[in-house]
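Peer 1: So that you have it, the file is upload05.pdb, and it contains PDB, C-alpha atoms and all ligand atoms:
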```pdb
ATOM      1  CA  MET Q   1     118.908  93.908 111.933
ATOM      2  CA  PRO Q   2     115.132  93.340 111.967
ATOM      3  CA  LYS Q   3     113.890  90.277 110.120
ATOM      4  CA  ILE Q   4     110.689  90.453 108.045
ATOM      5  CA  THR Q   5     108.724  87.362 107.084
ATOM      6  CA  VAL Q   6     106.232  88.131 104.326
ATOM      7  CA  ILE Q   7     103.365  85.722 103.705
ATOM      8  CA  ASN Q   8     101.778  86.501 100.345
ATOM      9  CA  THR Q   9      98.123  85.509 100.737
ATOM     10  CA  GLU Q  10      97.600  85.490  96.961
ATOM     11  CA  THR Q  11     100.406  83.040  96.116
ATOM     12  CA  ASN Q  12     100.904  81.393  99.549
ATOM     13  CA  GLU Q  13     104.593  82.192  99.159
ATOM     14  CA  THR Q  14     106.609  82.957 102.287
ATOM     15  CA  THR Q  15     109.789  85.008 102.115
ATOM     16  CA  THR Q  16     112.120  86.129 104.890
ATOM     17  CA  PHE Q  17     114.673  88.896 104.624
ATOM     18  CA  LYS Q  18     116.576  91.296 106.859
ATOM     19  CA  VAL Q  19     116.381  95.076 106.745
ATOM     20  CA  GLY Q  20     118.053  97.997 108.435
ATOM     21  CA  TYR Q  21     116.567  99.386 111.653
ATOM     22  CA  GLY Q  22     113.693 101.760 110.770
ATOM     23  CA  ALA Q  23     113.488 100.584 107.146
ATOM     24  CA  ASN Q  24     110.376 101.331 105.121
ATOM     25  CA  LEU Q  25     108.598  98.019 104.492
ATOM     26  CA  ARG Q  26     107.379  98.774 100.953
ATOM     27  CA  GLN Q  27     110.790  99.983  99.806
ATOM     28  CA  ALA Q  28     112.601  97.052 101.440
ATOM     29  CA  ALA Q  29     110.212  94.510  99.894
ATOM     30  CA  ALA Q  30     110.609  96.088  96.450
ATOM     31  CA  TYR Q  31     114.402  96.040  96.832
ATOM     32  CA  LYS Q  32     114.286  92.334  97.772
ATOM     33  CA  ASP Q  33     111.808  91.586  94.938
ATOM     34  CA  VAL Q  34     109.091  90.522  97.389
ATOM     35  CA  GLU Q  35     105.529  91.208  96.236
ATOM     36  CA  ILE Q  36     103.182  92.887  98.727
ATOM     37  CA  TYR Q  37     100.455  93.879  96.265
ATOM     38  CA  LYS Q  38      97.525  91.799  95.014
ATOM     39  CA  GLY Q  39      96.104  91.466  91.502
ATOM     40  CA  MET Q  40      95.864  94.639  89.445
ATOM     41  CA  SER Q  41      97.193  96.747  92.295
ATOM     42  CA  LYS Q  42     100.678  95.429  91.421
ATOM     43  CA  MET Q  43     100.502  97.848  88.491
ATOM     44  CA  LEU Q  44      97.872 100.315  89.655
ATOM     45  CA  ASN Q  45      99.061 101.650  92.979
ATOM     46  CA  CYS Q  46     100.089 105.091  94.136
ATOM     47  CA  ARG Q  47     103.807 104.132  94.341
ATOM     48  CA  GLY Q  48     104.026 104.758  98.062
ATOM     49  CA  MET Q  49     102.218 108.076  98.293
ATOM     50  CA  GLY Q  50      99.758 106.774 100.898
ATOM     51  CA  VAL Q  51      96.706 107.387  98.730
ATOM     52  CA  CYS Q  52      95.518 104.065  97.247
ATOM     53  CA  GLY Q  53      95.582 101.803 100.315
ATOM     54  CA  THR Q  54      96.453  98.713  98.246
ATOM     55  CA  CYS Q  55      99.711  98.111 100.134
ATOM     56  CA  LEU Q  56      97.646  97.119 103.166
ATOM     57  CA  ILE Q  57      99.346  94.502 105.358
ATOM     58  CA  GLU Q  58      98.649  92.706 108.621
ATOM     59  CA  VAL Q  59     101.557  92.896 111.050
ATOM     60  CA  GLU Q  60     102.506  90.720 114.012
ATOM     61  CA  PRO Q  61     103.646  92.034 116.474
ATOM     62  CA  MET Q  62     102.590  95.652 116.072
ATOM     63  CA  GLU Q  63     105.113  96.743 118.734
ATOM     64  CA  ASN Q  64     107.898  96.329 116.177
ATOM     65  CA  VAL Q  65     106.551  98.908 113.733
ATOM     66  CA  ASP Q  66     105.812 102.592 114.137
ATOM     67  CA  PRO Q  67     102.411 103.752 115.431
ATOM     68  CA  PRO Q  68      99.614 104.630 112.973
ATOM     69  CA  THR Q  69     100.358 107.696 110.896
ATOM     70  CA  PHE Q  70      97.891 110.459 110.060
ATOM     71  CA  ILE Q  71      97.348 108.943 106.610
ATOM     72  CA  GLU Q  72      96.675 105.494 108.088
ATOM     73  CA  ARG Q  73      94.096 106.972 110.435
ATOM     74  CA  LEU Q  74      92.401 108.557 107.407
ATOM     75  CA  HIS Q  75      92.210 105.101 105.780
ATOM     76  CA  LYS Q  76      90.602 103.753 109.002
ATOM     77  CA  ILE Q  77      92.580 100.524 108.943
ATOM     78  CA  ALA Q  78      92.334  97.889 111.697
ATOM     79  CA  PRO Q  79      94.649  98.052 114.742
ATOM     80  CA  ASN Q  80      96.719  95.068 113.487
ATOM     81  CA  GLN Q  81      97.201  96.578 110.033
ATOM     82  CA  LYS Q  82      99.556  99.088 108.440
ATOM     83  CA  LEU Q  83     100.060 100.527 104.995
ATOM     84  CA  GLY Q  84     103.256  98.946 103.676
ATOM     85  CA  CYS Q  85     104.386 102.302 102.373
ATOM     86  CA  ARG Q  86     103.974 103.856 105.818
ATOM     87  CA  ALA Q  87     105.441 101.022 107.924
ATOM     88  CA  LYS Q  88     108.841 101.519 109.527
ATOM     89  CA  VAL Q  89     110.323  98.319 110.900
ATOM     90  CA  TYR Q  90     112.102  98.322 114.276
ATOM     91  CA  GLY Q  91     112.129  94.604 115.115
ATOM     92  CA  ASP Q  92     111.281  91.149 113.777
ATOM     93  CA  ILE Q  93     107.806  90.979 112.253
ATOM     94  CA  THR Q  94     105.573  88.644 110.292
ATOM     95  CA  VAL Q  95     103.487  90.292 107.599
ATOM     96  CA  LYS Q  96     100.442  89.049 105.709
ATOM     97  CA  ALA Q  97     100.575  90.849 102.380
ATOM     98  CA  ALA Q  98      98.532  90.993  99.186
ATOM     99  CA  ILE Q  99      95.296  91.227 101.127
ATOM    100  CA  LYS Q 100      93.669  94.108  99.247
ATOM    101  CA  ASP Q 101      93.084  94.610  95.545
ATOM    102  CA  ILE Q 102      91.713  97.665  93.811
TER
HETATM  103  S1  LIG Q 201     101.248 102.319  97.910
HETATM  104 FE1  LIG Q 201      99.369 103.398  97.842
HETATM  105  S2  LIG Q 201      98.871 103.631  99.937
HETATM  106 FE2  LIG Q 201     100.745 102.550  99.992
END
```
Let me see whether you can do it: turn the structure in this file into structure tokens.
Ligand code: FES

Peer 2:
Amino acid sequence: MPKITVINTETNETTTFKVGYGANLRQAAAYKDVEIYKGMSKMLNCRGMGVCGTCLIEVEPMENVDPPTFIERLHKIAPNQKLGCRAKVYGDITVKAAIKDI
């Protein structure tokens, strides 16, 4: 089972939890009560539709998540970043979350 370590850059809180192979990062974090959003975007986000971009995360290593999706290419995010709602996890990763507010 892949292990995800989430570093919340807003609160400096670090949380580690395990997920099933291919799990969606946003859904897994919500299930484990781990915050990936920053500021007002905790309330005002698109609920995983891939529209708002506020679930932006930095991932290390990128080899353990799926390649950029069409929606992520539209958002023009950096090569070390994913949208949490579009990230499928296939191995152990460390994530910097809460890096983008509305
Ligand atoms: S939750 Fe809006 S883009 Fe991911």

Peer 1: Apply the PyMOL selection byres (((not hetatm)) within 6 of (chain Q and resi 201)) to the file shown and report the selected residues as JSON, numbers by chain.

Peer 2: {"Q": [45, 46, 47, 48, 49, 50, 51, 52, 53, 54, 55, 83, 84, 85]}

Peer 1: Quick one: pull the distance between CA of Pro79 in chain Q and CA of Gly22 in chain Q, Å, one decimal.

Peer 2: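 Those two atoms sit 19.8 Å apart.
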
Peer 1: One decimal, Å: what's the distance from CA of Glu35 in chain Q over to CA of Asp66 in chain Q, could you say?

Peer 2: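 Separation between CA of Glu35 in chain Q and CA of Asp66 in chain Q: 21.2 Å.
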
Peer 1: Counting all atoms listed in the file, what is within 10 Å of Lys3 in chain Q, bar same-chain residues fewer than 5 positions away, as a PDB file with C-alpha atoms, in the frame of the given file?

Peer 2:
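Just written: around_11.pdb:
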```
ATOM      1  CA  THR Q  16     112.120  86.129 104.890  1.00  0.00           C
ATOM      2  CA  PHE Q  17     114.673  88.896 104.624  1.00  0.00           C
ATOM      3  CA  LYS Q  18     116.576  91.296 106.859  1.00  0.00           C
ATOM      4  CA  VAL Q  19     116.381  95.076 106.745  1.00  0.00           C
ATOM      5  CA  GLY Q  20     118.053  97.997 108.435  1.00  0.00           C
ATOM      6  CA  TYR Q  21     116.567  99.386 111.653  1.00  0.00           C
ATOM      7  CA  VAL Q  89     110.323  98.319 110.900  1.00  0.00           C
ATOM      8  CA  TYR Q  90     112.102  98.322 114.276  1.00  0.00           C
ATOM      9  CA  GLY Q  91     112.129  94.604 115.115  1.00  0.00           C
ATOM     10  CA  ASP Q  92     111.281  91.149 113.777  1.00  0.00           C
ATOM     11  CA  ILE Q  93     107.806  90.979 112.253  1.00  0.00           C
ATOM     12  CA  THR Q  94     105.573  88.644 110.292  1.00  0.00           C
TER      13      THR Q  94
END
```

Peer 1: Report as a list in words all protein, DNA and RNA residues lying within 10 Å of Pro67 in chain Q, evaluated on only C-alpha atoms, omitting residues in the same chain fewer than 6 positions from it.

Peer 2: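 Final neighbour list, sorted by chain and number: Pro79, Lys82, Arg86, Ala87 and Lys88 of chain Q.
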
Peer 1: Any chance you could export the current selection's C-alpha atoms as a tab-separated table (two decimals), in the frame of the given file?

Peer 2:
```tsv
chain	number	residue	atom	x	y	z
Q	79	PRO	CA	94.65	98.05	114.74
Q	82	LYS	CA	99.56	99.09	108.44
Q	86	ARG	CA	103.97	103.86	105.82
Q	87	ALA	CA	105.44	101.02	107.92
Q	88	LYS	CA	108.84	101.52	109.53
```

Peer 1: Please list as a PyMOL selection string every residue within 10 Å of Lys100 in chain Q, counting only C-alpha atoms and excluding residues in the same chain fewer than 5 positions away.

Peer 2: chain Q and resi 9-10+36-39+41+53-57

Peer 1: Work out how far CA of Lys42 in chain Q is from CA of Asn12 in chain Q, in Å to one decimal.

Peer 2: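 Interatomic distance here is 16.2 Å.
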
Peer 1: Could you put an axis-aligned box around every listed atom of range 73-76 of chain Q, padded by 6 Å on each side, and send me its centre and edge lengths in Å to one decimal, as AutoDock Vina command-line options?

Peer 2:
```
--center_x 92.3 --center_y 106.2 --center_z 108.1 --size_x 15.5 --size_y 16.8 --size_z 16.7
```
